[in-house]
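Participant: Let me give you the structure first, and then I'll get to my questions.
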Amino acid sequence: MSTHKLRRVFVWQLPVRFFHWINALAIVTLCVTGYLIGKPPALQFSGEAYERYVFGWIRYIHFVAAYIFLFNFIFRIYWGFAGNKYARWKNFIPTTRKYFEEMWQVLKIDILQIKSKEHLVVGHNALAGFIYFLTFILFAIQCVTGFGLYEAMSQSWIAGMFAWVSPLFGGDFDLRQIHHITMWLFILFTIVHVHLVFYHDYVEGRGEISSMGGGWKFIEEEAFLREEEEPASNAKKVA
């Protein structure tokens, strides 16, 4: 591993960090309670069921977490337009040839473990950004299918906005299957995400883990200067 001169750079704004941890807590809560709803355990009690209300509380927690997840997601969509350059949507949607080339380079280093020139970026690398974009699509699917299922048992006007979902998918059975499969995709993403965060934190020494707490990363001087120069060069081309 080569040695680089590092600069302390503020990357993740407070709203991004809030979104990340609220989202993480909501997803864990939704996955645990959702699994129990889909495959309820046999609970043995000596008293009456209404005296315990365990499953009722599981469903209630699931629904509360779903509302938090929905509004948190809506806020992140907004912040993709209002946030700093590291939070904006251009970091997540591949629209240029350079973006695809960077994705391939990161894929060779992180996944295929092919020795190559180190890839230095300040915010998300292209592959991570694209994967997060796919994850945002999964967020949307989970919101639509979840509230589509919830609509039949709720008087909420928010749930009522999803009355069209169940007929579109041919009924609650298929809708529930999609909702359940998406939950497992979330679990798979979480495992890979946590692994790569620790991997990059160890290999690069940039403070990857602590950056989502305080917002600061230790960035290679050449990477920081390159990203600072790019907006200026783009402005010259436009002029």
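By order in the structure tokens, chains are A, B, ...; within a chain, residues start at 1; ligands start at 1, following the order shown.
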Met212 (chain A): which residues within 8 Å, counting only C-alpha atoms, same-chain residues fewer than 4 positions away excluded, as a list in words?
Facilitator: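 After dropping sequence-adjacent residues, the list is Trp12, Arg17, His20, Glu208 and Trp216 of chain A.
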Participant: Can those selected residues be exported to a file as a short mmCIF file (atom, residue, chain, number, x, y, z; two decimals), in the first residue's frame so that it contains C-alpha atoms?
Facilitator:
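Everything below was put into selection-v8.cif:
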```
data_model
loop_
_atom_site.label_atom_id
_atom_site.label_comp_id
_atom_site.auth_asym_id
_atom_site.auth_seq_id
_atom_site.Cartn_x
_atom_site.Cartn_y
_atom_site.Cartn_z
CA TRP A 12 -20.93 14.16 4.72
CA ARG A 17 -25.61 11.43 8.38
CA HIS A 20 -28.05 7.21 7.05
CA GLU A 208 -14.48 5.70 6.42
CA TRP A 216 -14.90 14.26 8.06
#
```
Participant: At a cut-off of 12 Å, using only C-alpha atoms, what residues contact Tyr150 (chain A)? Leave out same-chain residues fewer than 5 positions from it and give the result as a CSV table (one decimal) with N, CA and C atoms, in the first residue's frame.
Facilitator:
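And here is the file that came out, out05.csv:
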```csv
chain,number,residue,atom,x,y,z
A,59,ARG,N,-46.6,-5.7,14.9
A,59,ARG,CA,-47.2,-5.1,13.7
A,59,ARG,C,-47.2,-3.5,13.9
A,60,TYR,N,-47.5,-3.1,15.1
A,60,TYR,CA,-47.5,-1.6,15.3
A,60,TYR,C,-46.1,-1.0,15.1
A,62,HIS,N,-43.8,-2.3,13.3
A,62,HIS,CA,-43.5,-2.3,11.8
A,62,HIS,C,-44.1,-1.2,11.1
A,63,PHE,N,-45.3,-0.8,11.4
A,63,PHE,CA,-46.0,0.3,10.7
A,63,PHE,C,-45.4,1.6,11.0
A,64,VAL,N,-45.0,1.8,12.3
A,64,VAL,CA,-44.4,3.1,12.7
A,64,VAL,C,-43.0,3.2,12.0
A,66,ALA,N,-42.2,1.9,9.2
A,66,ALA,CA,-42.5,2.1,7.8
A,66,ALA,C,-42.7,3.6,7.5
A,67,TYR,N,-43.5,4.3,8.3
A,67,TYR,CA,-43.7,5.7,8.1
A,67,TYR,C,-42.4,6.5,8.2
A,142,GLN,N,-40.1,-1.0,-1.9
A,142,GLN,CA,-40.6,-1.5,-0.6
A,142,GLN,C,-41.7,-0.6,0.0
A,143,CYS,N,-41.5,0.7,-0.3
A,143,CYS,CA,-42.6,1.7,0.1
A,143,CYS,C,-43.9,1.4,-0.6
A,144,VAL,N,-43.8,1.3,-1.9
A,144,VAL,CA,-45.0,1.1,-2.7
A,144,VAL,C,-45.7,-0.3,-2.3
A,145,THR,N,-45.0,-1.3,-2.2
A,145,THR,CA,-45.6,-2.6,-1.9
A,145,THR,C,-46.0,-2.7,-0.5
A,155,GLN,N,-57.0,3.4,7.9
A,155,GLN,CA,-57.9,4.5,7.5
A,155,GLN,C,-57.0,5.7,7.2
A,156,SER,N,-55.7,5.6,7.2
A,156,SER,CA,-54.8,6.7,6.9
A,156,SER,C,-54.9,7.2,5.5
A,157,TRP,N,-54.9,8.5,5.3
A,157,TRP,CA,-55.0,9.0,3.9
A,157,TRP,C,-53.7,8.7,3.1
A,158,ILE,N,-52.6,8.6,3.9
A,158,ILE,CA,-51.3,8.2,3.2
A,158,ILE,C,-51.4,6.8,2.6
A,159,ALA,N,-51.9,5.9,3.5
A,159,ALA,CA,-52.1,4.5,3.0
A,159,ALA,C,-53.1,4.5,1.8
A,160,GLY,N,-54.2,5.3,1.9
A,160,GLY,CA,-55.2,5.3,0.9
A,160,GLY,C,-54.6,5.7,-0.5
A,161,MET,N,-53.5,6.4,-0.5
A,161,MET,CA,-52.9,6.8,-1.8
A,161,MET,C,-52.3,5.6,-2.5
A,162,PHE,N,-52.2,4.5,-1.8
A,162,PHE,CA,-51.6,3.3,-2.4
A,162,PHE,C,-52.7,2.2,-2.7
A,163,ALA,N,-54.0,2.6,-2.9
A,163,ALA,CA,-55.0,1.7,-3.1
A,163,ALA,C,-54.9,1.0,-4.5
A,165,VAL,N,-52.2,-0.1,-5.8
A,165,VAL,CA,-51.0,-1.0,-5.9
A,165,VAL,C,-51.4,-2.5,-6.0
A,166,SER,N,-52.3,-2.9,-5.1
A,166,SER,CA,-52.7,-4.3,-5.0
A,166,SER,C,-53.3,-4.8,-6.3
A,172,ASP,N,-53.0,-9.3,-3.2
A,172,ASP,CA,-52.0,-9.1,-2.1
A,172,ASP,C,-51.0,-10.2,-2.0
A,175,LEU,N,-48.1,-9.3,-4.2
A,175,LEU,CA,-47.5,-8.1,-3.6
A,175,LEU,C,-46.7,-8.4,-2.4
A,176,ARG,N,-47.2,-9.3,-1.6
A,176,ARG,CA,-46.5,-9.7,-0.4
A,176,ARG,C,-45.2,-10.5,-0.8
A,179,HIS,N,-42.6,-7.9,-1.7
A,179,HIS,CA,-42.2,-7.2,-0.5
A,179,HIS,C,-41.3,-8.0,0.3
```
Participant: Would you list the contacts of Arg7 (chain A) as JSON, numbers by chain, taking every protein, DNA or RNA residue within 8 Å and counting only C-alpha atoms, but skipping same-chain residues closer than 3 positions in sequence?
Facilitator: {"A": [218, 219, 220, 221, 224]}
Participant: Between A:Val9, A:Ala140, A:Ala87, A:Ile58, which is the closest to Ile74 (chain A) once you count only C-alpha atoms?
Facilitator: A:Ala140
Participant: Return as a PyMOL selection string the full set of residues in region 73-155 of chain A whose backbone-based DSSP assignment is helix (DSSP H, G or I).
Facilitator: chain A and resi 73-82+89-91+97-110+126-153
Participant: Next, write the just-selected residues to a file, as a tab-separated table (two decimals), in the first residue's frame, keeping C-alpha atoms as the atom set.
Facilitator:
```tsv
chain	number	residue	atom	x	y	z
A	73	PHE	CA	-36.59	8.47	2.00
A	74	ILE	CA	-38.59	11.43	0.72
A	75	PHE	CA	-36.21	13.76	2.53
A	76	ARG	CA	-33.19	12.04	0.93
A	77	ILE	CA	-34.72	12.54	-2.52
A	78	TYR	CA	-34.98	16.24	-1.75
A	79	TRP	CA	-31.45	16.41	-0.35
A	80	GLY	CA	-30.14	14.89	-3.56
A	81	PHE	CA	-30.94	18.30	-5.08
A	82	ALA	CA	-30.22	20.57	-2.09
A	89	TRP	CA	-27.85	12.73	-7.59
A	90	LYS	CA	-25.10	13.04	-10.20
A	91	ASN	CA	-22.97	10.85	-7.90
A	97	ARG	CA	-18.62	7.26	-20.24
A	98	LYS	CA	-16.22	8.34	-17.48
A	99	TYR	CA	-18.70	7.10	-14.87
A	100	PHE	CA	-18.82	3.61	-16.44
A	101	GLU	CA	-15.02	3.51	-16.75
A	102	GLU	CA	-14.69	4.35	-13.06
A	103	MET	CA	-17.21	1.64	-12.15
A	104	TRP	CA	-15.11	-0.94	-14.02
A	105	GLN	CA	-11.93	0.23	-12.33
A	106	VAL	CA	-13.46	-0.03	-8.86
A	107	LEU	CA	-14.94	-3.42	-9.72
A	108	LYS	CA	-11.48	-4.74	-10.62
A	109	ILE	CA	-9.99	-3.49	-7.35
A	110	ASP	CA	-12.77	-4.24	-4.84
A	126	ALA	CA	-18.83	5.34	-9.10
A	127	LEU	CA	-19.63	1.70	-8.31
A	128	ALA	CA	-20.78	2.51	-4.78
A	129	GLY	CA	-22.87	5.41	-6.06
A	130	PHE	CA	-24.58	3.24	-8.67
A	131	ILE	CA	-25.29	0.50	-6.12
A	132	TYR	CA	-26.82	3.11	-3.82
A	133	PHE	CA	-28.97	4.27	-6.75
A	134	LEU	CA	-30.23	0.69	-7.19
A	135	THR	CA	-30.85	0.59	-3.45
A	136	PHE	CA	-32.95	3.75	-3.70
A	137	ILE	CA	-35.06	1.95	-6.31
A	138	LEU	CA	-35.50	-0.90	-3.82
A	139	PHE	CA	-36.53	1.68	-1.21
A	140	ALA	CA	-39.25	2.90	-3.58
A	141	ILE	CA	-40.43	-0.66	-4.32
A	142	GLN	CA	-40.57	-1.47	-0.61
A	143	CYS	CA	-42.56	1.69	0.15
A	144	VAL	CA	-45.04	1.06	-2.66
A	145	THR	CA	-45.58	-2.65	-1.90
A	146	GLY	CA	-45.60	-2.15	1.86
A	147	PHE	CA	-48.15	0.64	1.88
A	148	GLY	CA	-50.11	-1.22	-0.80
A	149	LEU	CA	-50.51	-4.08	1.68
A	150	TYR	CA	-51.16	-1.70	4.56
A	151	GLU	CA	-53.92	0.15	2.71
A	152	ALA	CA	-56.46	-2.64	3.22
A	153	MET	CA	-56.24	-2.35	7.01
```
Participant: Take CA of Phe198 (chain A) and CA of Ile181 (chain A) and report the distance between them in Å, one decimal.
Facilitator: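 We find that CA of Phe198 (chain A) and CA of Ile181 (chain A) lie 26.5 Å from each other.
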Participant: So the first atom is CA of Tyr86 (chain A) and the second is CA of Gly123 (chain A); what is the distance between them in Å, to one decimal place?
Facilitator: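 CA of Tyr86 (chain A) sits 5.5 Å away from CA of Gly123 (chain A).
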Participant: Find the distance between CA of Thr182 (chain A) and CA of Pro40 (chain A) and write it in Å to one decimal.
Facilitator: 18.7 Å
Participant: Could you check which of A:Tyr53, A:His200, A:Asn72, A:Trp21 is closest to Asn125 (chain A), using only C-alpha atoms?
Facilitator: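 Using only C-alpha atoms, the shortest distance to Asn125 (chain A) belongs to A:His200.
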Participant: Based on DSSP run over this structure's backbone, return all residues of region 8-228 of chain A in strand (DSSP E), as a PyMOL selection string.
Facilitator: chain A and resi 8-10+216-220
